[in-house]
file target.cif (mmCIF, C-alpha atoms and all ligand atoms)
data_work
#
loop_
_atom_site.label_atom_id
_atom_site.label_comp_id
_atom_site.auth_asym_id
_atom_site.auth_seq_id
_atom_site.Cartn_x
_atom_site.Cartn_y
_atom_site.Cartn_z
CA MET Y 648 10.31 2.58 -37.47
CA ALA Y 649 13.51 3.58 -35.71
CA CYS Y 650 15.55 2.22 -32.80
CA LEU Y 651 15.48 4.16 -29.53
CA ARG Y 652 19.12 3.23 -28.91
CA CYS Y 653 20.96 3.38 -32.27
CA ASP Y 654 18.35 5.23 -34.38
CA ILE Y 655 18.62 2.74 -37.26
CA GLY Y 656 15.58 2.82 -39.57
CA LEU Y 657 13.52 -0.35 -40.16
CA PRO Y 658 10.45 -1.22 -42.21
CA VAL Y 659 7.17 -1.22 -40.27
CA GLY Y 660 6.61 -4.59 -38.63
CA ASP Y 661 6.17 -6.46 -35.36
CA HIS Y 662 9.83 -6.77 -34.44
CA ASP Y 663 9.49 -8.93 -31.34
CA GLU Y 664 13.26 -9.02 -30.83
CA GLY Y 665 13.37 -5.20 -30.73
CA CYS Y 666 16.11 -3.57 -32.79
CA PRO Y 667 17.92 -6.33 -34.72
CA ALA Y 668 21.11 -4.25 -35.00
CA CYS Y 669 21.26 -3.72 -31.23
CA ALA Y 670 20.31 -7.38 -30.64
CA ALA Y 671 23.25 -8.47 -32.81
CA ASP Y 672 25.39 -6.19 -30.65
CA GLY Y 673 24.21 -7.95 -27.47
CA HIS Y 674 21.74 -5.21 -26.49
CA ALA Y 675 17.98 -5.20 -26.09
CA ALA Y 676 16.30 -2.02 -27.31
CA ASN Y 677 12.78 -1.16 -28.38
CA LEU Y 678 11.74 0.63 -31.54
CA ARG Y 679 9.48 3.62 -32.09
CA LEU Y 680 7.20 4.55 -34.94
CA VAL Y 681 8.28 7.42 -37.20
CA TYR Y 682 5.89 9.69 -39.08
CA PRO Y 683 8.00 11.51 -41.69
CA ASP Y 684 5.16 13.75 -42.92
CA ALA Y 685 3.72 14.64 -39.50
CA ALA Y 686 2.93 18.28 -38.79
CA PRO Y 687 4.96 19.54 -35.81
CA GLY Y 688 3.13 20.04 -32.54
CA ARG Y 689 0.53 17.35 -33.11
CA ILE Y 690 0.30 13.79 -31.83
CA VAL Y 691 0.07 11.26 -34.66
CA LEU Y 692 -1.09 7.70 -34.05
CA PRO Y 693 -0.95 4.59 -36.23
CA PRO Y 694 -4.16 3.91 -38.18
CA ALA Y 695 -6.62 2.01 -35.99
CA ASP Y 696 -9.68 2.01 -38.25
CA GLY Y 697 -11.68 3.68 -35.47
CA PHE Y 698 -11.07 0.85 -33.01
CA SER Y 699 -11.54 2.17 -29.48
CA MET Y 700 -13.45 1.52 -26.28
CA GLY Y 701 -13.43 5.17 -25.28
CA GLU Y 702 -10.12 5.03 -23.39
CA GLY Y 703 -8.37 8.24 -22.39
CA GLY Y 704 -9.76 11.59 -21.34
CA THR Y 705 -9.36 10.64 -17.67
CA PRO Y 706 -9.82 13.26 -14.90
CA GLN Y 707 -6.85 15.31 -13.76
CA VAL Y 708 -7.61 16.55 -10.26
CA GLU Y 709 -5.81 19.32 -8.40
CA VAL Y 710 -5.00 18.41 -4.79
CA PRO Y 711 -3.63 21.52 -3.05
CA ASP Y 712 -3.84 19.81 0.35
CA LEU Y 713 -1.55 16.99 -0.74
CA ALA Y 714 0.71 19.44 -2.61
CA ALA Y 715 1.23 21.45 0.57
CA ALA Y 716 1.86 18.30 2.62
CA ALA Y 717 4.44 17.08 0.08
CA GLY Y 718 6.18 20.45 -0.24
CA LEU Y 719 5.19 21.20 -3.84
CA GLY Y 720 3.58 24.28 -5.33
CA ARG Y 721 1.00 22.27 -7.21
CA LEU Y 722 0.07 18.59 -7.41
CA SER Y 723 -2.38 16.97 -9.83
CA LEU Y 724 -3.58 13.39 -9.80
CA LYS Y 725 -4.40 11.76 -13.13
CA LEU Y 726 -7.07 9.15 -12.44
CA GLU Y 727 -6.13 6.47 -14.92
CA TRP Y 728 -8.50 3.97 -13.30
CA CYS Y 729 -11.29 5.83 -15.13
CA ASN Y 730 -10.33 3.95 -18.30
CA PRO Y 731 -12.75 1.26 -19.56
CA THR Y 732 -11.18 -1.72 -17.76
CA GLY Y 733 -9.81 0.26 -14.82
CA SER Y 734 -6.20 1.01 -15.68
CA HIS Y 735 -3.90 2.99 -17.98
CA LYS Y 736 -3.25 -0.24 -19.90
CA ASP Y 737 -6.36 0.43 -22.01
CA ARG Y 738 -4.51 3.25 -23.75
CA MET Y 739 -2.00 0.62 -24.93
CA SER Y 740 -4.50 -2.13 -25.67
CA ALA Y 741 -6.49 -0.06 -28.17
CA PRO Y 742 -3.76 0.58 -30.80
CA LEU Y 743 -2.16 -2.80 -30.02
CA MET Y 744 -5.33 -4.78 -30.70
CA ALA Y 745 -6.01 -2.64 -33.79
CA ARG Y 746 -2.59 -3.77 -35.01
CA ALA Y 747 -3.20 -7.39 -33.96
CA ARG Y 748 -6.47 -7.40 -35.89
CA GLU Y 749 -4.61 -6.68 -39.13
CA ARG Y 750 -2.55 -9.82 -38.68
CA VAL Y 751 -4.82 -12.21 -36.79
CA ILE Y 752 -8.13 -11.76 -38.65
CA PRO Y 753 -6.74 -12.90 -42.04
CA LEU Y 754 -5.27 -15.95 -40.24
CA MET Y 755 -8.66 -16.71 -38.71
CA ALA Y 756 -10.29 -16.50 -42.15
CA ARG Y 757 -7.64 -18.76 -43.64
CA ALA Y 758 -8.10 -21.31 -40.87
CA ARG Y 759 -11.87 -21.27 -41.41
CA GLU Y 760 -11.50 -21.76 -45.15
CA ARG Y 761 -8.81 -24.42 -44.69
CA VAL Y 762 -6.60 -22.91 -47.37
CA ILE Y 763 -3.44 -23.41 -45.33
CA PRO Y 764 -0.83 -25.35 -47.30
CA LEU Y 765 -0.30 -28.68 -45.57
CA MET Y 766 3.47 -28.45 -45.83
CA ALA Y 767 3.70 -24.91 -44.40
CA SER Y 768 5.65 -24.43 -41.19
CA ALA Y 769 3.85 -23.44 -38.01
CA ARG Y 770 5.19 -19.92 -38.39
CA GLU Y 771 3.92 -19.71 -41.99
CA ARG Y 772 0.50 -21.00 -41.01
CA GLY Y 773 0.34 -18.58 -38.13
CA ALA Y 774 -1.63 -19.08 -34.94
CA PRO Y 775 -4.77 -16.93 -34.96
CA LEU Y 776 -4.22 -15.83 -31.38
CA VAL Y 777 -3.18 -12.88 -29.22
CA VAL Y 778 -0.92 -13.99 -26.38
CA ALA Y 779 0.21 -12.00 -23.36
CA ALA Y 780 2.03 -12.56 -20.07
CA SER Y 781 0.42 -10.66 -17.23
CA SER Y 782 -0.37 -10.76 -13.54
CA GLY Y 783 -3.22 -8.31 -13.62
CA ASN Y 784 -4.15 -5.03 -15.28
CA ALA Y 785 -2.62 -5.67 -18.70
CA GLY Y 786 -4.19 -9.13 -18.89
CA VAL Y 787 -7.63 -7.76 -18.03
CA SER Y 788 -7.28 -4.91 -20.50
CA LEU Y 789 -5.93 -7.05 -23.34
CA ALA Y 790 -8.62 -9.69 -22.79
CA ALA Y 791 -11.32 -7.02 -23.01
CA TYR Y 792 -9.91 -5.28 -26.08
CA ALA Y 793 -9.23 -8.59 -27.84
CA ALA Y 794 -12.86 -9.57 -27.21
CA ARG Y 795 -14.04 -6.25 -28.59
CA ALA Y 796 -11.79 -6.71 -31.64
CA GLY Y 797 -13.09 -10.25 -32.19
CA LEU Y 798 -9.72 -11.86 -31.50
CA PRO Y 799 -9.04 -15.01 -29.47
CA ALA Y 800 -6.68 -14.25 -26.59
CA GLU Y 801 -4.57 -16.26 -24.19
CA ILE Y 802 -3.34 -14.63 -20.98
CA VAL Y 803 -0.48 -16.44 -19.27
CA THR Y 804 -0.12 -15.85 -15.57
CA THR Y 805 1.17 -17.20 -12.25
CA PRO Y 806 -0.53 -18.05 -8.94
CA ALA Y 807 0.06 -14.42 -7.87
CA MET Y 808 -2.76 -13.08 -10.07
CA PRO Y 809 -5.61 -11.70 -7.91
CA ALA Y 810 -9.01 -13.40 -8.15
CA GLY Y 811 -10.69 -10.26 -9.48
CA ALA Y 812 -8.36 -10.16 -12.47
CA ARG Y 813 -8.97 -13.85 -13.16
CA ARG Y 814 -12.73 -13.34 -13.13
CA ALA Y 815 -12.48 -10.39 -15.52
CA ILE Y 816 -10.21 -12.21 -17.98
CA ARG Y 817 -12.52 -15.24 -18.04
CA ALA Y 818 -15.57 -12.98 -18.40
CA HIS Y 819 -14.04 -11.65 -21.63
CA GLY Y 820 -13.71 -15.19 -22.98
CA ALA Y 821 -9.93 -15.24 -22.97
CA ARG Y 822 -8.08 -18.45 -22.13
CA LEU Y 823 -6.26 -18.09 -18.82
CA VAL Y 824 -3.16 -20.27 -18.58
CA GLU Y 825 -1.45 -20.55 -15.23
CA VAL Y 826 2.20 -21.59 -15.04
CA ALA Y 827 4.42 -22.08 -12.02
CA ASP Y 828 6.42 -18.88 -12.16
CA SER Y 829 7.11 -15.83 -14.25
CA ALA Y 830 10.04 -17.30 -16.17
CA ALA Y 831 7.77 -20.14 -17.31
CA ARG Y 832 5.21 -17.55 -18.33
CA TRP Y 833 7.55 -15.73 -20.69
CA HIS Y 834 8.74 -19.07 -22.04
CA HIS Y 835 5.14 -20.07 -22.79
CA VAL Y 836 4.50 -16.81 -24.65
CA GLY Y 837 7.70 -17.31 -26.63
CA ARG Y 838 6.50 -20.76 -27.74
CA ARG Y 839 3.17 -19.34 -28.90
CA VAL Y 840 4.96 -16.58 -30.79
CA ALA Y 841 7.15 -19.19 -32.51
CA ASP Y 842 3.85 -20.71 -33.68
CA GLY Y 843 2.87 -17.38 -35.20
CA ALA Y 844 0.75 -15.86 -32.39
CA PHE Y 845 0.69 -12.08 -31.90
CA ALA Y 846 2.68 -11.07 -28.79
CA ALA Y 847 0.90 -8.34 -26.83
CA THR Y 848 3.56 -8.14 -24.11
CA ASN Y 849 7.29 -8.44 -23.86
CA TYR Y 850 8.54 -12.02 -23.40
CA ARG Y 851 12.25 -11.55 -24.11
CA VAL Y 852 15.10 -11.58 -21.63
CA PRO Y 853 16.72 -9.06 -21.32
CA ALA Y 854 13.36 -7.27 -21.47
CA ILE Y 855 12.63 -4.94 -24.36
CA GLY Y 856 9.13 -3.63 -23.65
CA THR Y 857 5.77 -3.92 -25.38
CA ASN Y 858 5.26 -3.76 -29.16
CA PRO Y 859 5.73 -0.08 -30.18
CA PHE Y 860 2.20 0.02 -31.64
CA GLY Y 861 0.91 -0.34 -28.08
CA ILE Y 862 3.27 2.23 -26.59
CA GLU Y 863 1.96 4.77 -29.11
CA GLY Y 864 -1.30 4.86 -27.16
CA TYR Y 865 0.40 6.52 -24.19
CA LYS Y 866 1.31 9.57 -26.29
CA ILE Y 867 -2.26 10.87 -25.90
CA LEU Y 868 -1.75 10.89 -22.14
CA ALA Y 869 1.08 13.41 -22.66
CA SER Y 870 -1.24 15.71 -24.60
CA GLU Y 871 -3.98 15.42 -21.95
CA ILE Y 872 -1.48 16.39 -19.23
CA ALA Y 873 -0.05 19.26 -21.30
CA ALA Y 874 -3.58 20.62 -21.88
CA HIS Y 875 -3.65 21.56 -18.17
CA GLY Y 876 -0.34 23.43 -18.52
CA LEU Y 877 3.01 21.69 -18.91
CA PRO Y 878 4.03 20.45 -15.43
CA ASP Y 879 7.58 20.38 -14.13
CA LEU Y 880 7.41 16.68 -13.29
CA VAL Y 881 5.35 13.64 -14.21
CA VAL Y 882 5.63 10.79 -11.70
CA VAL Y 883 4.98 7.32 -13.09
CA PRO Y 884 4.75 3.91 -11.39
CA CYS Y 885 7.33 1.98 -13.39
CA ALA Y 886 8.31 -1.60 -14.17
CA ARG Y 887 9.46 -2.04 -17.79
CA GLY Y 888 8.85 1.59 -18.76
CA ASP Y 889 6.18 1.33 -21.50
CA LEU Y 890 4.29 4.24 -19.95
CA LEU Y 891 7.44 6.33 -19.43
CA SER Y 892 8.54 5.72 -23.01
CA GLY Y 893 5.14 6.60 -24.50
CA LEU Y 894 4.97 9.79 -22.43
CA LEU Y 895 8.41 10.87 -23.67
CA LEU Y 896 7.41 10.22 -27.30
CA GLY Y 897 4.19 12.17 -26.77
CA PHE Y 898 5.82 15.21 -25.16
CA LEU Y 899 8.48 15.26 -27.90
CA GLU Y 900 5.83 15.20 -30.60
CA LEU Y 901 3.91 18.02 -28.93
CA GLY Y 902 7.10 20.07 -29.06
CA ARG Y 903 6.25 22.29 -26.09
CA GLY Y 904 8.93 20.95 -23.76
CA VAL Y 905 9.38 17.71 -21.85
CA PRO Y 906 8.65 17.57 -18.10
CA ARG Y 907 11.10 15.63 -15.97
CA LEU Y 908 9.84 12.05 -15.96
CA VAL Y 909 10.18 10.33 -12.61
CA ALA Y 910 10.01 6.54 -12.32
CA ALA Y 911 8.57 5.29 -9.02
CA GLU Y 912 9.89 1.77 -8.37
CA PRO Y 913 9.41 -0.56 -5.38
CA PHE Y 914 13.10 -1.40 -4.95
CA PRO Y 915 16.25 -0.13 -6.69
CA ARG Y 916 16.39 -1.23 -10.34
CA LEU Y 917 16.54 1.88 -12.54
CA ALA Y 918 18.17 3.65 -9.59
CA ARG Y 919 20.99 1.10 -9.75
CA VAL Y 920 21.33 1.44 -13.51
CA LEU Y 921 21.46 5.24 -13.25
CA ALA Y 922 24.24 4.71 -10.69
CA GLY Y 923 26.23 2.70 -13.24
CA ALA Y 924 24.87 -0.86 -13.40
CA ASP Y 925 24.28 -2.54 -16.79
CA TYR Y 926 20.58 -2.25 -17.72
CA ARG Y 927 20.61 -5.83 -19.04
CA GLY Y 928 21.31 -7.20 -15.59
CA SER Y 929 19.00 -8.68 -12.96
CA PHE Y 930 17.82 -6.56 -10.04
CA PRO Y 931 16.07 -8.82 -7.55
CA GLY Y 932 13.78 -7.48 -4.88
CA ARG Y 933 10.66 -8.29 -2.92
CA THR Y 934 7.43 -6.29 -3.09
CA ALA Y 935 3.67 -6.35 -2.65
CA GLN Y 936 3.40 -3.82 -5.50
CA LEU Y 937 2.39 -6.54 -7.93
CA SER Y 938 1.88 -4.29 -10.95
CA ILE Y 939 5.42 -2.89 -10.88
CA GLY Y 940 7.39 -5.90 -9.65
CA GLY Y 941 9.96 -7.94 -11.56
CA ASP Y 942 13.72 -7.86 -11.65
CA THR Y 943 14.42 -6.31 -15.06
CA VAL Y 944 14.71 -2.82 -16.49
CA THR Y 945 14.60 -1.80 -20.13
CA PHE Y 946 16.54 0.51 -22.37
CA GLN Y 947 13.33 2.40 -23.16
CA ALA Y 948 12.85 3.33 -19.48
CA LEU Y 949 16.45 4.48 -19.20
CA HIS Y 950 16.10 6.45 -22.43
CA ALA Y 951 12.96 8.24 -21.19
CA LEU Y 952 14.66 9.24 -17.94
CA GLY Y 953 17.78 10.40 -19.79
CA GLU Y 954 15.96 12.44 -22.45
CA SER Y 955 13.73 14.13 -19.87
CA ARG Y 956 16.52 14.73 -17.30
CA GLY Y 957 14.40 12.64 -14.98
CA ARG Y 958 15.25 10.21 -12.21
CA ALA Y 959 14.15 7.07 -10.42
CA VAL Y 960 12.73 7.18 -6.89
CA VAL Y 961 12.36 4.09 -4.73
CA ALA Y 962 8.99 3.85 -2.98
CA ASP Y 963 9.11 0.69 -0.88
CA ASP Y 964 5.98 -1.11 0.31
CA ASP Y 965 5.80 0.82 3.60
CA ALA Y 966 6.03 4.14 1.74
CA ALA Y 967 3.45 3.00 -0.82
CA ARG Y 968 1.07 1.87 1.95
CA ALA Y 969 1.45 5.21 3.72
CA ALA Y 970 0.73 7.01 0.45
CA GLN Y 971 -2.24 4.70 -0.21
CA ALA Y 972 -3.67 5.58 3.21
CA ARG Y 973 -3.06 9.30 2.63
CA LEU Y 974 -4.78 9.11 -0.77
CA GLY Y 975 -7.70 7.25 0.78
CA ARG Y 976 -8.23 9.97 3.36
CA ALA Y 977 -8.11 12.53 0.52
CA GLY Y 978 -10.84 10.69 -1.44
CA PHE Y 979 -8.77 8.52 -3.78
CA HIS Y 980 -8.56 4.75 -3.33
CA ALA Y 981 -5.51 3.72 -5.35
CA GLU Y 982 -3.97 0.33 -6.04
CA LEU Y 983 -0.76 -0.05 -4.01
CA SER Y 984 1.41 0.17 -7.15
CA ALA Y 985 -0.37 3.38 -8.15
CA ALA Y 986 0.06 4.89 -4.68
CA ALA Y 987 3.81 4.47 -5.23
CA ALA Y 988 3.60 7.56 -7.46
CA LEU Y 989 2.42 9.69 -4.53
CA ALA Y 990 5.01 8.08 -2.27
CA ALA Y 991 7.67 9.17 -4.78
CA VAL Y 992 6.26 12.72 -4.78
CA PHE Y 993 6.73 12.84 -1.02
CA VAL Y 994 10.32 11.62 -1.35
CA LEU Y 995 11.03 14.29 -3.97
CA GLY Y 996 9.39 17.04 -1.95
CA ALA Y 997 11.06 16.15 1.33
CA ASP Y 998 14.03 18.52 0.97
CA ARG Y 999 11.78 21.40 -0.25
CA ALA Y 1000 13.72 21.51 -3.53
CA LEU Y 1001 10.39 21.36 -5.38
CA ALA Y 1002 8.73 24.28 -3.62
CA GLY Y 1003 6.66 26.10 -6.23
CA ARG Y 1004 6.90 23.26 -8.74
CA HIS Y 1005 3.99 21.42 -10.37
CA ALA Y 1006 3.95 17.63 -10.41
CA VAL Y 1007 1.43 15.27 -11.98
CA ALA Y 1008 1.21 11.83 -10.36
CA LEU Y 1009 -0.32 9.04 -12.45
CA LEU Y 1010 -2.71 6.88 -10.44
CA THR Y 1011 -2.59 3.90 -12.79
CA GLY Y 1012 -5.13 1.62 -11.10
CA SER Y 1013 -7.82 1.66 -8.42
CA GLY Y 1014 -7.69 -0.04 -5.05
CA ALA Y 1015 -11.16 -1.37 -5.81
CA GLY Y 1016 -10.22 -2.78 -9.22
CA ALA Y 1017 -9.00 -6.10 -10.56
CA MET Y 1018 -5.89 -5.92 -8.36
CA ASP Y 1019 -8.06 -5.54 -5.26
CA GLU Y 1020 -6.98 -8.67 -3.45
CA ALA Y 1021 -4.22 -8.05 -0.94
CA ALA Y 1022 -1.28 -10.10 -2.18
CA PRO Y 1023 1.70 -11.13 -0.09
CA PRO Y 1024 5.04 -9.71 -1.20
CA THR Y 1025 6.53 -11.68 -4.05
CA ASP Y 1026 10.15 -12.23 -4.89
CA ALA Y 1027 11.71 -10.98 -8.07
CA THR Y 1028 14.69 -13.12 -8.92
CA SER Y 1029 16.56 -13.94 -12.07
CA THR Y 1030 14.04 -16.68 -12.83
CA ASP Y 1031 11.10 -14.46 -11.97
CA GLN Y 1032 10.54 -12.06 -14.83
CA ARG Y 1033 7.33 -10.08 -14.74
CA GLU Y 1034 5.98 -7.88 -17.43
CA SER Y 1035 3.04 -5.71 -18.28
CA ARG Y 1036 0.54 -6.18 -15.60
ZN ZN Y 1101 19.30 -0.30 -32.35
#

call {"tool": "encode", "arguments": {"input": "target.cif", "output": "structure tokens"}}
result
Amino acid sequence: MACLRCDIGLPVGDHDEGCPACAADGHAANLRLVYPDAAPGRIVLPPADGFSMGEGGTPQVEVPDLAAAAGLGRLSLKLEWCNPTGSHKDRMSAPLMARARERVIPLMARARERVIPLMASARERGAPLVVAASSGNAGVSLAAYAARAGLPAEIVTTPAMPAGARRAIRAHGARLVEVADSAARWHHVGRRVADGAFAATNYRVPAIGTNPFGIEGYKILASEIAAHGLPDLVVVPCARGDLLSGLLLGFLELGRGVPRLVAAEPFPRLARVLAGADYRGSFPGRTAQLSIGGDTVTFQALHALGESRGRAVVADDDAARAAQARLGRAGFHAELSAAAALAAVFVLGADRALAGRHAVALLTGSGAGAMDEAAPPTDATSTDQRESR
């Protein structure tokens, strides 16, 4: 493994604190997996022992009507809600739960056989559990994939989680724990991890991002997009930048060029960091775009924008609602947070600087999915950290 920020090499492991060298330096930075013997031009993934629920291979649909309206030469929509549990998160859950299985299943066997030394610490005993903080899509996806992998899962959420997501998580047999706010949620996950549970989402502050084994799953999305011809831009609804980071890694591995990656965000976070703010700071804002809320940014998001010469575009709730309505009339019913990608396309195309260019907008979740319930805008403050919905 290697650090995205300082490039230091590390043995393969679940480094929940991110890069230890950067952490010691007061920075939070995620790691990536390195494949020294990989053939150039091909995506390599960590071994998953065939574990999959058929995620990926989602439709990419050309929408010339919307392209013309937005002022682009070509616009494609990638329908990520066609994944098994209805969002792009399934691409992450598959390799992440394959990795979790390697650690959690031996712990389950040990617990069954009662061979745990009585004097061992909690961390040594290990909790045979996958734990994740989520307010929606990630929780549903992780609960489903954990069930498929035979792993007990605990999803920690807040009152903001829509009823549809709650029903799905419970249907998969996961334990749903509700805490008062998002800061309490990350704290709860941290306690479970201290007991040896497998963390399937970020829980650190400043935020780092998801375990790199999960982010690997998004590399395939880059190859699916490139198979239709490398676009000029890929527009991504963005919170902590797992998807952005995985796309960058995928395009780099393919070696055919990296499109400009554009982060659509509901209020200025990355935009403020790109204008000079410290990425470890807090960037409060209020939004109904539940899946991409929260007041933190990550180094991995910043890195993906920097390496791809990309940018951040603010799509506020009014813009996202207008884009959602426009998508609906064009035959696509997107979750509000997903419609933010189209809203960002319209912002980018407004000055006609993208005439003739090809953009791909990722529609990460459906308006008829687990996030269906209309939620009131929620505040993102320094005590309100959201991750990986
Ligand atoms: Zn580092």

call {"tool": "residues_near_ligand", "arguments": {"input": "target.cif", "ligand": "ligand ZN 1101 (chain Y)", "cutoff": "9 Å", "atoms": "only C-alpha atoms and all ligand atoms", "output": "list in words"}}
result
Ala649, Cys650, Leu651, Arg652, Cys653, Asp654, Ile655, Gly656, Gly665, Cys666, Pro667, Ala668, Cys669, Ala670, Asp672, His674, Ala675, Ala676, Asn677 and Leu678 of chain Y

call {"tool": "residues_around", "arguments": {"input": "target.cif", "residues": "region 785-788 of chain Y", "least_positions_apart": "3", "cutoff": "8 Å", "atoms": "all atoms listed in the file", "output": "list in words"}}
result
Thr732, Ser734, Lys736, Asp737, Ser740, Ala779, Ala780, Ser781, Ser782, Ala791, Tyr792, Ile802, Ala812, Arg813, Ala815, Ile816, Ala1017, Ser1035 and Arg1036 of chain Y

call {"tool": "closest_residue", "arguments": {"input": "target.cif", "among": "Y:Gly856, Y:Gly876, Y:Gly704, Y:Gly996", "to": "Asp889 (chain Y)", "atoms": "only C-alpha atoms"}}
result
Y:Gly856

call {"tool": "residues_near_point", "arguments": {"input": "target.cif", "point": "(0.2, -14.0, -14.4)", "cutoff": "7 Å", "atoms": "all atoms listed in the file", "output": "number ranges by chain"}}
result
Y: 780-783, 803-808, 825

call {"tool": "atom_distance", "arguments": {"input": "target.cif", "atom1": "CA of Glu749 (chain Y)", "atom2": "CA of Asp842 (chain Y)"}}
result
17.3 Å

call {"tool": "residues_around", "arguments": {"input": "target.cif", "residues": "Ala800 (chain Y)", "least_positions_apart": "5", "cutoff": "10 Å", "atoms": "only C-alpha atoms", "output": "list in words"}}
result
Pro775, Leu776, Val777, Val778, Ala779, Gly786, Leu789, Ala790, Ala791, Tyr792, Ala793, Ala794, Ile816, His819, Gly820, Ala821, Arg822, Leu823, Ala844, Phe845 and Ala847 of chain Y

call {"tool": "atom_distance", "arguments": {"input": "target.cif", "atom1": "CA of Pro731 (chain Y)", "atom2": "CA of Met744 (chain Y)"}}
result
14.7 Å

call {"tool": "atom_distance", "arguments": {"input": "target.cif", "atom1": "CA of Thr934 (chain Y)", "atom2": "CA of Ala922 (chain Y)"}}
result
21.5 Å

call {"tool": "residues_around", "arguments": {"input": "target.cif", "residues": "Gly897 (chain Y)", "least_positions_apart": "6", "cutoff": "12 Å", "atoms": "only C-alpha atoms", "output": "PyMOL selection string"}}
result
chain Y and resi 679-680+687-692+862-873+890-891+903-906+951+955

call {"tool": "residues_near_point", "arguments": {"input": "target.cif", "point": "(3.6, 12.3, -0.5)", "cutoff": "9 Å", "atoms": "only C-alpha atoms", "output": "PyMOL selection string"}}
result
chain Y and resi 713-714+716-718+966+969-970+973-974+988-997

call {"tool": "residues_around", "arguments": {"input": "target.cif", "residues": "region 695-698 of chain Y", "least_positions_apart": "6", "cutoff": "7 Å", "atoms": "all atoms listed in the file", "output": "PDB file with C-alpha atoms, keeping the file's coordinate frame"}}
result
ATOM      1  CA  ALA Y 741      -6.490  -0.060 -28.170  1.00  0.00           C
ATOM      2  CA  PRO Y 742      -3.760   0.580 -30.800  1.00  0.00           C
ATOM      3  CA  ALA Y 745      -6.010  -2.640 -33.790  1.00  0.00           C
TER       4      ALA Y 745
END

call {"tool": "closest_residue", "arguments": {"input": "target.cif", "among": "Y:Val960, Y:Ala910, Y:Ala886, Y:Ile752", "to": "Gly940 (chain Y)", "atoms": "all atoms listed in the file"}}
result
Y:Ala886

call {"tool": "closest_residue", "arguments": {"input": "target.cif", "among": "Y:Val920, Y:Val681, Y:Cys729, Y:Ala854", "to": "Glu702 (chain Y)", "atoms": "only C-alpha atoms"}}
result
Y:Cys729

call {"tool": "residues_around", "arguments": {"input": "target.cif", "residues": "region 998-1015 of chain Y", "least_positions_apart": "4", "cutoff": "6 Å", "atoms": "all atoms listed in the file", "output": "list in words"}}
result
Gly718, Leu719, Gly720, Arg721, Leu722, Ser723, Leu724, Lys725, Leu726, Glu727, Trp728, Ser734, His735, Pro878, Asp879, Leu880, Val881, Val882, Val883, His980, Ala981, Glu982, Ala985, Ala988 and Asp1019 of chain Y

call {"tool": "closest_residue", "arguments": {"input": "target.cif", "among": "Y:Pro931, Y:Tyr682, Y:Glu664, Y:Arg958", "to": "Thr857 (chain Y)", "atoms": "all atoms listed in the file"}}
result
Y:Glu664

call {"tool": "axis_aligned_box", "arguments": {"input": "target.cif", "around": "region 851-865 of chain Y", "padding_each_side": "4 Å", "output": "JSON"}}
result
{"center_x": 7.7, "center_y": -2.5, "center_z": -26.5, "size_x": 26.0, "size_y": 26.1, "size_z": 18.3}

call {"tool": "closest_residue", "arguments": {"input": "target.cif", "among": "Y:Gln947, Y:Asn730, Y:Pro799, Y:Arg968", "to": "Pro859 (chain Y)", "atoms": "all atoms listed in the file"}}
result
Y:Gln947

call {"tool": "decode", "arguments": {"input": "target.cif", "residues": "region 651-663 of chain Y", "atoms": "C-alpha atoms", "output": "short mmCIF file (atom, residue, chain, number, x, y, z; two decimals), in the first residue's frame"}}
result
data_model
loop_
_atom_site.label_atom_id
_atom_site.label_comp_id
_atom_site.auth_asym_id
_atom_site.auth_seq_id
_atom_site.Cartn_x
_atom_site.Cartn_y
_atom_site.Cartn_z
CA LEU Y 651 -1.90 9.29 -1.53
CA ARG Y 652 -0.24 12.30 0.11
CA CYS Y 653 3.39 11.35 0.91
CA ASP Y 654 3.70 8.13 -1.15
CA ILE Y 655 5.27 6.20 1.74
CA GLY Y 656 4.97 2.41 1.32
CA LEU Y 657 3.21 0.30 3.97
CA PRO Y 658 2.45 -3.40 4.41
CA VAL Y 659 -1.05 -4.45 3.36
CA GLY Y 660 -3.49 -3.97 6.21
CA ASP Y 661 -6.61 -2.18 7.41
CA HIS Y 662 -4.98 1.10 8.41
CA ASP Y 663 -8.00 2.82 9.94
#
